[in-house]
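K.L.:
Got a file for you: target_38.txt, compact mmCIF, C-alpha atoms.
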```
# COMPACT_ATOMS: atom_id res chain seq x y z
CA MET A 18 102.76 4.36 -5.66
CA ASN A 19 102.91 8.15 -5.84
CA VAL A 20 101.96 8.90 -2.23
CA ILE A 21 104.51 10.97 -0.30
CA TYR A 22 105.75 9.50 2.97
CA PRO A 23 106.50 12.26 5.52
CA LEU A 24 109.67 10.54 6.79
CA ALA A 25 111.11 10.63 3.27
CA VAL A 26 110.89 14.43 3.09
CA PRO A 27 114.05 16.29 4.20
CA LYS A 28 113.61 18.11 7.51
CA GLY A 29 112.46 21.68 7.10
CA ARG A 30 111.33 21.23 3.50
CA ARG A 31 107.68 22.01 2.75
CA LEU A 32 106.14 20.30 -0.27
CA VAL A 33 103.11 22.03 -1.79
CA CYS A 34 100.60 21.26 -4.51
CA GLU A 35 101.51 22.48 -7.99
CA VAL A 36 97.96 23.75 -8.59
CA CYS A 37 96.72 25.18 -5.27
CA GLU A 38 99.85 25.31 -3.06
CA ALA A 39 98.15 23.28 -0.31
CA PRO A 40 100.33 20.73 1.55
CA ALA A 41 101.26 17.96 -0.88
CA GLU A 42 100.37 14.32 -0.34
CA ARG A 43 101.54 12.78 -3.62
CA MET A 44 104.06 13.33 -6.38
CA CYS A 45 104.46 12.66 -10.08
CA THR A 46 106.39 9.39 -10.36
CA ALA A 47 107.63 10.27 -13.86
CA CYS A 48 109.65 13.34 -12.82
CA THR A 49 109.58 13.00 -8.97
CA VAL A 50 109.93 16.79 -8.63
CA THR A 51 106.26 17.84 -8.88
CA TYR A 52 103.79 17.50 -6.01
CA TYR A 53 100.02 17.57 -5.54
CA CYS A 54 97.47 17.74 -2.75
CA GLY A 55 95.49 14.87 -4.25
CA PRO A 56 94.50 12.97 -7.40
CA VAL A 57 92.10 15.66 -8.66
CA HIS A 58 94.75 18.35 -9.04
CA GLN A 59 97.32 15.84 -10.28
CA LYS A 60 94.95 14.78 -13.06
CA ALA A 61 94.07 18.40 -13.89
CA ASP A 62 97.73 19.44 -14.13
CA TRP A 63 98.66 16.40 -16.21
CA GLY A 64 95.85 17.02 -18.71
CA SER A 65 96.64 20.72 -18.95
CA ILE A 66 100.42 21.04 -19.16
CA HIS A 67 102.41 18.60 -17.03
CA GLU A 68 102.39 15.78 -19.60
CA LYS A 69 104.04 18.17 -22.08
CA ILE A 70 106.77 19.47 -19.73
CA CYS A 71 107.21 16.64 -17.20
CA GLN A 72 110.80 15.71 -18.09
CA LEU A 73 111.79 19.35 -18.72
CA LEU A 74 111.16 20.13 -15.05
CA ILE A 75 113.77 17.71 -13.70
CA PRO A 76 116.90 19.84 -14.33
CA LEU A 77 115.06 22.93 -13.08
CA ARG A 78 114.02 21.41 -9.77
CA THR A 79 117.05 19.36 -8.83
CA THR A 80 120.31 20.52 -7.31
CA MET A 81 122.81 21.86 -9.83
CA PRO A 82 125.81 19.55 -10.37
CA PHE A 83 129.29 20.40 -9.12
CA TYR A 84 131.29 22.38 -11.67
CA ASN A 85 135.08 22.35 -11.96
CA SER A 86 135.33 26.04 -12.83
CA GLU A 87 133.44 29.33 -12.55
CA GLU A 88 133.13 29.39 -16.33
CA GLU A 89 131.33 26.03 -16.32
CA ARG A 90 129.08 27.18 -13.47
CA GLN A 91 128.07 30.34 -15.37
CA HIS A 92 127.37 28.29 -18.47
CA GLY A 93 125.18 25.96 -16.39
CA LEU A 94 123.26 28.91 -14.97
CA GLN A 95 122.73 30.35 -18.46
CA GLN A 96 121.38 27.03 -19.73
CA LEU A 97 119.06 26.84 -16.73
CA GLN A 98 117.71 30.32 -17.44
CA LYS A 99 117.20 29.47 -21.13
CA ARG A 100 115.12 26.43 -20.14
CA GLN A 101 113.02 28.57 -17.80
CA LYS A 102 112.42 31.23 -20.48
CA HIS A 103 111.43 28.53 -22.96
CA LEU A 104 108.93 27.10 -20.48
CA ILE A 105 107.55 30.59 -19.74
CA GLU A 106 106.60 31.06 -23.40
CA PHE A 107 105.53 27.47 -23.98
CA CYS A 108 103.18 27.38 -20.97
CA TYR A 109 101.85 30.83 -21.88
CA THR A 110 101.06 29.75 -25.45
CA VAL A 111 99.37 26.54 -24.30
CA ALA A 112 97.22 28.46 -21.78
CA GLN A 113 96.27 31.02 -24.45
CA LYS A 114 95.28 28.25 -26.85
CA TYR A 115 93.03 26.67 -24.21
CA LEU A 116 91.34 30.04 -23.56
CA PHE A 117 90.58 30.60 -27.25
CA GLU A 118 89.18 27.07 -27.41
CA GLY A 119 86.95 27.77 -24.40
CA ARG A 120 88.85 25.28 -22.18
CA HIS A 121 89.15 27.62 -19.20
CA GLU A 122 89.69 24.92 -16.56
CA ASP A 123 92.60 23.47 -18.55
CA ALA A 124 94.15 26.93 -18.97
CA VAL A 125 94.64 27.49 -15.22
CA PRO A 126 97.51 25.03 -14.51
CA ALA A 127 99.40 26.10 -17.65
CA ALA A 128 99.02 29.78 -16.72
CA LEU A 129 100.18 29.07 -13.15
CA HIS A 130 103.32 27.40 -14.51
CA SER A 131 104.04 30.42 -16.69
CA LEU A 132 103.57 32.72 -13.70
CA ARG A 133 105.93 30.73 -11.44
CA PHE A 134 108.66 30.52 -14.05
CA ARG A 135 108.32 34.27 -14.61
CA MET A 136 108.75 34.85 -10.88
CA ASN A 137 111.87 32.67 -10.84
CA VAL A 138 113.45 34.52 -13.77
CA HIS A 139 112.23 38.11 -13.30
CA GLY A 140 111.38 38.45 -9.61
CA LEU A 141 108.13 38.94 -7.70
CA SER A 142 107.35 42.51 -8.79
CA SER A 143 108.42 42.52 -12.44
CA VAL A 144 106.07 43.72 -15.17
CA GLU A 145 106.92 40.43 -16.93
CA LEU A 146 104.45 38.77 -14.54
CA VAL A 147 101.51 40.74 -15.94
CA PRO A 148 100.73 38.52 -18.99
CA ALA A 149 100.41 35.47 -16.72
CA TYR A 150 98.14 37.35 -14.27
CA LEU A 151 95.96 38.31 -17.23
CA LEU A 152 95.72 34.71 -18.43
CA LEU A 153 94.58 33.65 -14.97
CA ALA A 154 92.07 36.50 -14.88
CA GLU A 155 90.62 35.51 -18.24
CA ALA A 156 90.41 31.86 -17.21
CA SER A 157 88.62 32.90 -14.00
CA LEU A 158 86.14 34.96 -16.01
CA GLY A 159 85.46 32.00 -18.26
CA LEU A 160 84.75 29.89 -15.17
CA GLY A 161 82.40 32.53 -13.78
CA ARG A 162 84.73 33.42 -10.90
CA ILE A 163 84.50 37.18 -11.20
CA VAL A 164 85.92 37.99 -7.75
CA GLN A 165 89.01 35.89 -8.42
CA ALA A 166 89.39 37.52 -11.84
CA GLU A 167 89.26 40.95 -10.21
CA GLU A 168 92.03 39.91 -7.81
CA TYR A 169 94.33 38.86 -10.65
CA LEU A 170 93.52 42.02 -12.58
CA SER A 171 94.21 44.19 -9.52
CA GLN A 172 97.59 42.50 -9.15
CA ALA A 173 98.33 43.08 -12.83
CA ARG A 174 97.19 46.70 -12.68
CA TRP A 175 99.27 47.44 -9.58
CA THR A 176 102.34 45.87 -11.17
CA VAL A 177 101.88 48.01 -14.29
CA LEU A 178 101.43 51.17 -12.22
CA LYS A 179 104.70 50.51 -10.36
CA SER A 180 106.60 49.85 -13.58
CA THR A 181 108.49 52.57 -15.46
CA ASP A 182 109.08 50.52 -18.61
CA CYS A 183 105.77 48.80 -19.34
CA SER A 184 105.32 48.21 -23.08
CA ASN A 185 102.33 49.28 -25.14
CA ALA A 186 101.64 45.60 -25.83
CA THR A 187 101.28 44.89 -22.10
CA HIS A 188 99.05 47.95 -21.61
CA SER A 189 96.90 46.63 -24.46
CA LEU A 190 96.53 43.21 -22.84
CA LEU A 191 95.65 44.76 -19.49
CA HIS A 192 92.90 46.96 -20.96
CA ARG A 193 91.55 44.05 -23.03
CA ASN A 194 91.12 41.92 -19.94
CA LEU A 195 89.59 44.80 -18.00
CA GLY A 196 87.18 45.20 -20.92
CA LEU A 197 86.27 41.52 -20.71
CA LEU A 198 85.74 41.87 -16.95
CA TYR A 199 83.28 44.72 -17.41
CA ILE A 200 81.51 42.83 -20.20
CA ALA A 201 80.98 39.99 -17.72
CA LYS A 202 79.69 42.52 -15.18
CA GLU A 203 77.43 44.06 -17.89
CA ASN A 204 79.01 47.47 -17.39
CA HIS A 205 79.12 48.41 -21.06
CA GLU A 206 80.39 51.96 -20.57
CA GLU A 207 83.51 50.79 -18.70
CA ALA A 208 83.93 47.91 -21.16
CA ARG A 209 83.95 50.33 -24.12
CA TYR A 210 86.45 52.59 -22.35
CA HIS A 211 88.95 49.80 -21.71
CA LEU A 212 88.54 48.18 -25.13
CA ALA A 213 89.12 51.56 -26.79
CA ASN A 214 92.33 51.82 -24.77
CA ASP A 215 93.23 48.29 -25.78
CA ILE A 216 92.93 49.28 -29.45
CA TYR A 217 94.95 52.46 -28.89
CA PHE A 218 97.88 50.72 -27.17
CA ALA A 219 97.81 47.75 -29.59
CA SER A 220 97.86 50.20 -32.51
CA CYS A 221 100.87 51.96 -30.99
CA ALA A 222 102.65 48.63 -30.57
CA PHE A 223 101.69 46.84 -33.79
CA GLY A 224 99.70 49.16 -36.05
CA THR A 225 95.98 49.58 -36.66
CA GLU A 226 95.77 46.76 -39.23
CA ASP A 227 97.66 44.08 -37.32
CA ILE A 228 96.08 40.79 -36.24
CA ARG A 229 97.20 41.52 -32.67
CA THR A 230 95.06 44.66 -32.73
CA SER A 231 92.06 42.86 -34.21
CA GLY A 232 91.08 41.28 -30.88
CA GLY A 233 90.24 44.70 -29.46
CA TYR A 234 88.04 45.52 -32.46
CA PHE A 235 86.33 42.13 -32.11
CA HIS A 236 85.47 42.49 -28.42
CA LEU A 237 84.30 46.08 -28.94
CA ALA A 238 82.09 44.86 -31.79
CA ASN A 239 80.60 42.28 -29.40
CA VAL A 240 79.76 45.07 -26.94
CA PHE A 241 77.95 47.06 -29.65
CA HIS A 242 76.21 43.89 -30.87
CA GLY A 243 74.97 43.23 -27.35
CA LEU A 244 73.64 46.79 -27.18
CA ASN A 245 71.88 46.24 -30.54
CA LYS A 246 73.98 48.96 -32.21
CA MET A 247 74.25 46.85 -35.34
CA GLY A 248 75.81 49.51 -37.60
CA LEU A 249 78.83 50.00 -35.34
CA ALA A 250 79.14 46.26 -34.69
CA ASP A 251 78.95 45.49 -38.41
CA THR A 252 81.71 47.99 -39.24
CA LEU A 253 84.04 46.49 -36.64
CA TYR A 254 83.30 42.88 -37.60
CA THR A 255 84.10 43.79 -41.21
CA LYS A 256 87.38 45.38 -40.15
CA VAL A 257 88.37 42.29 -38.18
CA SER A 258 87.52 40.02 -41.13
CA GLU A 259 89.54 42.18 -43.51
CA ILE A 260 92.58 42.22 -41.20
CA TRP A 261 92.63 38.44 -40.94
CA TYR A 262 91.95 37.95 -44.65
CA THR A 263 94.80 40.29 -45.63
CA TYR A 264 97.21 38.55 -43.28
CA LEU A 265 96.32 34.98 -44.29
CA ASN A 266 95.96 35.75 -48.00
CA ASP A 267 99.46 37.25 -48.02
CA HIS A 268 100.83 33.95 -46.67
CA TYR A 269 98.68 31.98 -49.11
CA GLN A 270 99.83 34.01 -52.14
CA ALA A 271 103.48 33.83 -51.05
CA LEU A 272 103.16 30.05 -50.80
CA LEU A 273 101.62 29.77 -54.28
CA GLN A 274 104.29 32.02 -55.76
CA ALA A 275 107.13 30.07 -54.13
CA ARG A 276 105.74 26.81 -55.47
CA SER A 277 105.27 28.17 -58.97
CA GLN A 278 108.84 29.47 -59.06
CA GLN A 279 110.27 26.28 -57.49
CA THR A 280 112.93 28.30 -55.67
CA ASP A 281 113.91 25.41 -53.40
CA LEU A 282 117.14 24.10 -54.95
CA LEU A 283 116.92 20.83 -53.05
CA GLY A 284 113.65 20.02 -54.77
CA LYS A 285 111.69 19.80 -51.53
CA GLN A 286 108.03 20.69 -51.52
CA PHE A 287 107.01 23.85 -49.71
CA VAL A 288 105.15 23.29 -46.47
CA ASN A 289 102.06 25.32 -45.68
CA ASP A 290 102.56 27.83 -42.88
CA THR A 291 100.22 30.32 -41.22
CA GLY A 292 103.06 32.21 -39.56
CA LEU A 293 101.08 31.89 -36.32
CA ASP A 294 101.67 29.95 -33.13
CA GLU A 295 99.03 27.52 -31.83
CA ALA A 296 97.38 30.16 -29.64
CA GLN A 297 97.07 32.64 -32.52
CA GLU A 298 95.60 29.94 -34.76
CA ALA A 299 93.04 29.14 -32.05
CA GLU A 300 92.28 32.87 -31.71
CA ALA A 301 91.74 33.20 -35.47
CA ILE A 302 89.35 30.24 -35.48
CA GLN A 303 87.45 31.56 -32.46
CA ILE A 304 87.09 35.10 -33.84
CA LEU A 305 86.22 34.14 -37.42
CA THR A 306 83.71 31.42 -36.53
CA SER A 307 82.04 33.82 -34.08
CA ILE A 308 81.70 36.46 -36.81
CA LEU A 309 80.44 33.82 -39.25
CA SER A 310 77.69 32.75 -36.81
CA ILE A 311 76.51 36.37 -36.81
CA ARG A 312 76.88 36.88 -40.58
CA GLU A 313 75.26 33.70 -41.92
CA PRO A 314 71.65 34.23 -40.76
CA THR A 315 71.55 37.47 -42.83
CA SER A 316 73.96 36.41 -45.59
CA SER A 317 71.44 37.16 -48.35
CA LYS A 318 71.45 40.86 -47.35
CA ALA A 319 75.24 41.19 -47.33
CA PRO A 320 76.64 38.11 -49.10
CA GLN A 321 80.04 39.68 -49.77
CA LYS A 322 80.73 40.01 -46.03
CA THR A 323 79.80 36.39 -45.35
CA VAL A 324 81.86 35.17 -48.31
CA LEU A 325 84.85 37.12 -46.96
CA VAL A 326 84.68 35.27 -43.62
CA LEU A 327 84.15 31.87 -45.30
CA LYS A 328 87.08 32.50 -47.66
CA THR A 329 89.31 33.58 -44.77
CA LEU A 330 88.46 30.46 -42.77
CA SER A 331 89.12 28.30 -45.83
CA ILE A 332 92.58 29.81 -46.33
CA LEU A 333 93.34 29.48 -42.62
CA TYR A 334 92.51 25.78 -42.53
CA TYR A 335 94.35 25.20 -45.82
CA LEU A 336 97.50 26.74 -44.33
CA MET A 337 96.97 24.65 -41.20
CA LEU A 338 96.91 21.53 -43.45
CA GLU A 339 93.30 20.73 -42.55
CA CYS A 340 92.08 20.32 -46.12
CA SER A 341 88.67 18.83 -45.33
CA LYS A 342 87.66 21.88 -43.28
CA ALA A 343 89.23 24.22 -45.83
CA LYS A 344 87.20 22.54 -48.59
CA GLU A 345 84.00 22.75 -46.55
CA TYR A 346 84.30 26.53 -46.04
CA ALA A 347 85.38 27.13 -49.66
CA SER A 348 82.38 25.12 -50.92
CA ARG A 349 80.02 27.15 -48.75
CA ALA A 350 81.63 30.35 -50.05
CA LEU A 351 81.24 29.17 -53.67
CA SER A 352 77.59 28.27 -53.16
CA LEU A 353 76.83 31.72 -51.73
CA THR A 354 78.88 33.41 -54.45
CA GLU A 355 77.07 31.60 -57.28
CA GLU A 356 73.77 32.65 -55.76
CA HIS A 357 74.50 36.33 -55.11
CA LEU A 358 77.81 37.56 -56.56
CA ASP A 359 79.54 38.07 -59.90
CA VAL A 360 81.59 35.70 -62.05
CA GLN A 361 84.93 37.23 -61.04
CA GLU A 362 84.35 36.45 -57.37
CA GLN A 363 83.23 32.95 -58.33
CA SER A 364 86.47 32.31 -60.22
CA VAL A 365 88.55 33.29 -57.16
CA ILE A 366 86.69 30.81 -54.96
CA LYS A 367 86.84 28.09 -57.62
CA GLU A 368 90.61 28.51 -57.91
CA LEU A 369 90.98 28.21 -54.12
CA LEU A 370 88.72 25.15 -54.07
CA ASN A 371 90.69 23.55 -56.89
CA ILE A 372 94.02 24.04 -55.09
CA ILE A 373 92.58 22.58 -51.88
CA SER A 374 91.14 19.59 -53.77
CA ILE A 375 94.47 18.83 -55.47
CA GLU A 376 96.32 18.92 -52.17
CA GLU A 377 93.65 16.81 -50.48
CA GLU A 378 94.24 14.09 -53.08
CA GLN A 379 98.03 14.48 -53.04
CA PRO A 380 99.01 15.82 -49.60
CA LEU A 381 102.41 17.39 -49.10
CA THR A 382 105.06 15.37 -47.29
```
What does this structure look like when you write it as structure tokens?
P.N.:
Amino acid sequence: MNVIYPLAVPKGRRLVCEVCEAPAERMCTACTVTYYCGPVHQKADWGSIHEKICQLLIPLRTTMPFYNSEEERQHGLQQLQKRQKHLIEFCYTVAQKYLFEGRHEDAVPAALHSLRFRMNVHGLSSVELVPAYLLLAEASLGLGRIVQAEEYLSQARWTVLKSTDCSNATHSLLHRNLGLLYIAKENHEEARYHLANDIYFASCAFGTEDIRTSGGYFHLANVFHGLNKMGLADTLYTKVSEIWYTYLNDHYQALLQARSQQTDLLGKQFVNDTGLDEAQEAEAIQILTSILSIREPTSSKAPQKTVLVLKTLSILYYLMLECSKAKEYASRALSLTEEHLDVQEQSVIKELLNIISIEEEQPLT
């Protein structure tokens, strides 16, 4: 049984739901430190994030043990803070991944966890809370809850305004989410303003050709596409494709070079690596497949641009060790190349397809 009995709760202690903060009526029997208002929110939290962090919550939500010295106590506090910081980033990454996959309902509990851990570590008014507010705002937008999204964005904006040391990266995220809000409200002028600011601050933080800047270009391209300004949209989609291709191809070429040189003295095989976390991989897939869906219907007019996206997706999935998908996109790129492009481009795609096929038959261990 996971129902909470009132007499078992210490006097003066208020137990609240992990998801909605309503009075709790049940708890997780696996960790016994997490509470819910009912089975619906318990199931939602478990499917989103709780299954992944259940046991990690126990030392954070139980009384600290007695220490024999101040030195031991300080060490215990440091370890506790490290666990909280790890969970901040882990929950944040999981929530981001859900958003890029379109799983907005699942993103909410994970984002709430990230927000609460941030509050515990940084305080209630720290600028470190802003990324979590923005995740919750984006999830609310995806669920069609515009008023709730505006509330989270107002909280984020107010926190940024009060801060004297807000980073360019945080400013970028704030403007990106404000841009998404105004896209949802069909206010294209405000959307363009905020997305332009997103690109400016991201460029200051990471550079104009960085994958972390590409999201601003992509959303701005979507605005222009919606307004039927196809020339501007096309230019931005091309830029986004080129940024991701350059990034992933660099990792791909470095991997091939390392294997050819056999620099690993222990004789181990080199493992494919995108250099991205799970959320960034999900973002890459979401952005590139969206651009591909726009490119493919008119691929005969601009085959090179479609081939670029197909080739980028193929390399991405190859580095993610998903050879069947990598082969599918490479085959589609080769077919389009043979129909419209020159022999040199065909040879590049054939080489990629050959490498994928070899690894599909003899996967790395």
K.L.:
Check which residues of stretch 213-243 of chain A sit at most 12 Å from stretch 294-309 of chain A using all atoms listed in the file, and return one row each with the closest pair of atoms and their distance in Å to one decimal, ordered by chain and rising number, as CSV.
P.N.:
```
residue,atom,partner,partner_atom,distance
A:Ile228,CA,A:Ala301,CA,8.8
A:Arg229,CA,A:Gln297,CA,8.9
A:Ser231,CA,A:Ile304,CA,9.2
A:Gly232,CA,A:Ile304,CA,7.9
A:Gly233,CA,A:Ile304,CA,11.0
A:Tyr234,CA,A:Ile304,CA,10.6
A:Phe235,CA,A:Ile304,CA,7.3
A:His236,CA,A:Ile304,CA,9.3
A:Ala238,CA,A:Ile308,CA,9.8
A:Asn239,CA,A:Ile308,CA,9.5
A:His242,CA,A:Ile308,CA,11.0
```
K.L.:
Tell me which of A:Asn214, A:Gln361, A:Gln59, A:Gln101 sits closest to A:Pro76, counting only C-alpha atoms.
P.N.:
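The shortest atom-to-atom distance to A:Pro76 comes from A:Gln101.
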K.L.:
I'd like the contact shell of A:Leu358 - 12 Å cut-off, all atoms listed in the file, skipping same-chain residues fewer than 2 positions apart - returned as number ranges by chain.
P.N.:
A: 316-325, 350-356, 360-366
K.L.:
Hey, what's within 12 Å of A:Gly64 if we count all atoms listed in the file and toss same-chain stuff fewer than 5 positions away? As a PDB file with C-alpha atoms, keeping the file's coordinate frame, please?
P.N.:
```pdb
ATOM      1  CA  VAL A  57      92.100  15.660  -8.660  1.00  0.00           C
ATOM      2  CA  HIS A  58      94.750  18.350  -9.040  1.00  0.00           C
ATOM      3  CA  GLN A  59      97.320  15.840 -10.280  1.00  0.00           C
ATOM      4  CA  LYS A  69     104.040  18.170 -22.080  1.00  0.00           C
ATOM      5  CA  ILE A  70     106.770  19.470 -19.730  1.00  0.00           C
ATOM      6  CA  CYS A  71     107.210  16.640 -17.200  1.00  0.00           C
ATOM      7  CA  VAL A 111      99.370  26.540 -24.300  1.00  0.00           C
ATOM      8  CA  ALA A 112      97.220  28.460 -21.780  1.00  0.00           C
ATOM      9  CA  TYR A 115      93.030  26.670 -24.210  1.00  0.00           C
ATOM     10  CA  ARG A 120      88.850  25.280 -22.180  1.00  0.00           C
ATOM     11  CA  GLU A 122      89.690  24.920 -16.560  1.00  0.00           C
ATOM     12  CA  ASP A 123      92.600  23.470 -18.550  1.00  0.00           C
ATOM     13  CA  ALA A 124      94.150  26.930 -18.970  1.00  0.00           C
ATOM     14  CA  VAL A 125      94.640  27.490 -15.220  1.00  0.00           C
ATOM     15  CA  PRO A 126      97.510  25.030 -14.510  1.00  0.00           C
ATOM     16  CA  ALA A 127      99.400  26.100 -17.650  1.00  0.00           C
TER      17      ALA A 127
END
```
K.L.:
I'd like the neighbourhood of stretch 168-179 of chain A as a ChimeraX atom specification, where a residue qualifies if any of its atoms comes within 10 Å (using all atoms listed in the file), though same-chain residues fewer than 2 positions away should be ignored.
P.N.:
/A:141-155,157,163-166,181-184,187-188,191-192,194-195,198
K.L.:
How many Å separate atom CA of A:Ala39 from atom CA of A:Tyr53?
P.N.:
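It comes out at 8.0 Å.
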K.L.:
Could you give me, as a list in words, the residues that sit within 12 Å of (102.2, 33.6, -50.9) in the file's coordinates, counting only C-alpha atoms?
P.N.:
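In the file's frame, the residues around the point are Thr263, Tyr264, Leu265, Asn266, Asp267, His268, Tyr269, Gln270, Ala271, Leu272, Leu273, Gln274, Ala275, Arg276, Ser277, Gln278, Phe287, Val288, Asn289, Asp290, Thr291, Gly292, Ile332 and Leu336 of chain A.
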K.L.:
Output C-alpha atoms for every residue in the selection just made, as an mmCIF file, in the frame of the given file.
P.N.:
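Result file is selection.cif:
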```
data_model
loop_
_atom_site.group_PDB
_atom_site.id
_atom_site.type_symbol
_atom_site.label_atom_id
_atom_site.label_comp_id
_atom_site.auth_asym_id
_atom_site.auth_seq_id
_atom_site.Cartn_x
_atom_site.Cartn_y
_atom_site.Cartn_z
ATOM 1 C CA THR A 263 94.800 40.290 -45.630
ATOM 2 C CA TYR A 264 97.210 38.550 -43.280
ATOM 3 C CA LEU A 265 96.320 34.980 -44.290
ATOM 4 C CA ASN A 266 95.960 35.750 -48.000
ATOM 5 C CA ASP A 267 99.460 37.250 -48.020
ATOM 6 C CA HIS A 268 100.830 33.950 -46.670
ATOM 7 C CA TYR A 269 98.680 31.980 -49.110
ATOM 8 C CA GLN A 270 99.830 34.010 -52.140
ATOM 9 C CA ALA A 271 103.480 33.830 -51.050
ATOM 10 C CA LEU A 272 103.160 30.050 -50.800
ATOM 11 C CA LEU A 273 101.620 29.770 -54.280
ATOM 12 C CA GLN A 274 104.290 32.020 -55.760
ATOM 13 C CA ALA A 275 107.130 30.070 -54.130
ATOM 14 C CA ARG A 276 105.740 26.810 -55.470
ATOM 15 C CA SER A 277 105.270 28.170 -58.970
ATOM 16 C CA GLN A 278 108.840 29.470 -59.060
ATOM 17 C CA PHE A 287 107.010 23.850 -49.710
ATOM 18 C CA VAL A 288 105.150 23.290 -46.470
ATOM 19 C CA ASN A 289 102.060 25.320 -45.680
ATOM 20 C CA ASP A 290 102.560 27.830 -42.880
ATOM 21 C CA THR A 291 100.220 30.320 -41.220
ATOM 22 C CA GLY A 292 103.060 32.210 -39.560
ATOM 23 C CA ILE A 332 92.580 29.810 -46.330
ATOM 24 C CA LEU A 336 97.500 26.740 -44.330
#
```
K.L.:
Choose the residue, out of A:Leu197, A:Ala186, A:Leu132, A:Asn85, that has the smallest atom-to-atom separation from A:Leu158; count only C-alpha atoms.
P.N.:
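Using only C-alpha atoms, the shortest distance to A:Leu158 belongs to A:Leu197.
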K.L.:
One decimal, in Å: what's the spacing between atom CA of A:Glu339 and atom CA of A:Ser258?
P.N.:
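For atom CA of A:Glu339 relative to atom CA of A:Ser258, the distance reads 20.2 Å.
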K.L.:
List as a list in words the protein and nucleic acid residues near A:Ala41, meaning an atom at most 9 Å away when all atoms listed in the file are counted, but skip any in the same chain fewer than 3 places from it.
P.N.:
Ile21, Arg31, Leu32, Val33, Cys34, Glu35, Glu38, Met44, Tyr52, Tyr53, Cys54 and Gly55 of chain A
K.L.:
What does the distance between atom CA of A:Glu167 and atom CA of A:His121 come to in Å, to one decimal place?
P.N.:
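Separating atom CA of A:Glu167 from atom CA of A:His121 is a distance of 16.1 Å.
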K.L.:
Would you mind telling me which residue in A:Arg162, A:Lys328, A:Arg349, A:Arg135 lies nearest to A:Glu259 when using only C-alpha atoms?
P.N.:
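Closest candidate: A:Lys328.
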K.L.:
Any idea what's packed within 12 Å of stretch 89-94 of chain A, counting only C-alpha atoms, ignoring anything in its chain fewer than 5 positions away? Could you give it as a list of chain:residue names?
P.N.:
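Using only C-alpha atoms, the neighbours found are A:Pro76, A:Leu77, A:Thr80, A:Met81, A:Pro82, A:Phe83, A:Tyr84, A:Lys99, A:Arg100, A:Gln101, A:Val138.
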K.L.:
Using all atoms listed in the file for the distances, tell me which of A:His139, A:His357, A:Lys344, A:Lys256 is nearest to A:Leu237.
P.N.:
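Smallest separation from A:Leu237 among the options: A:Lys256.
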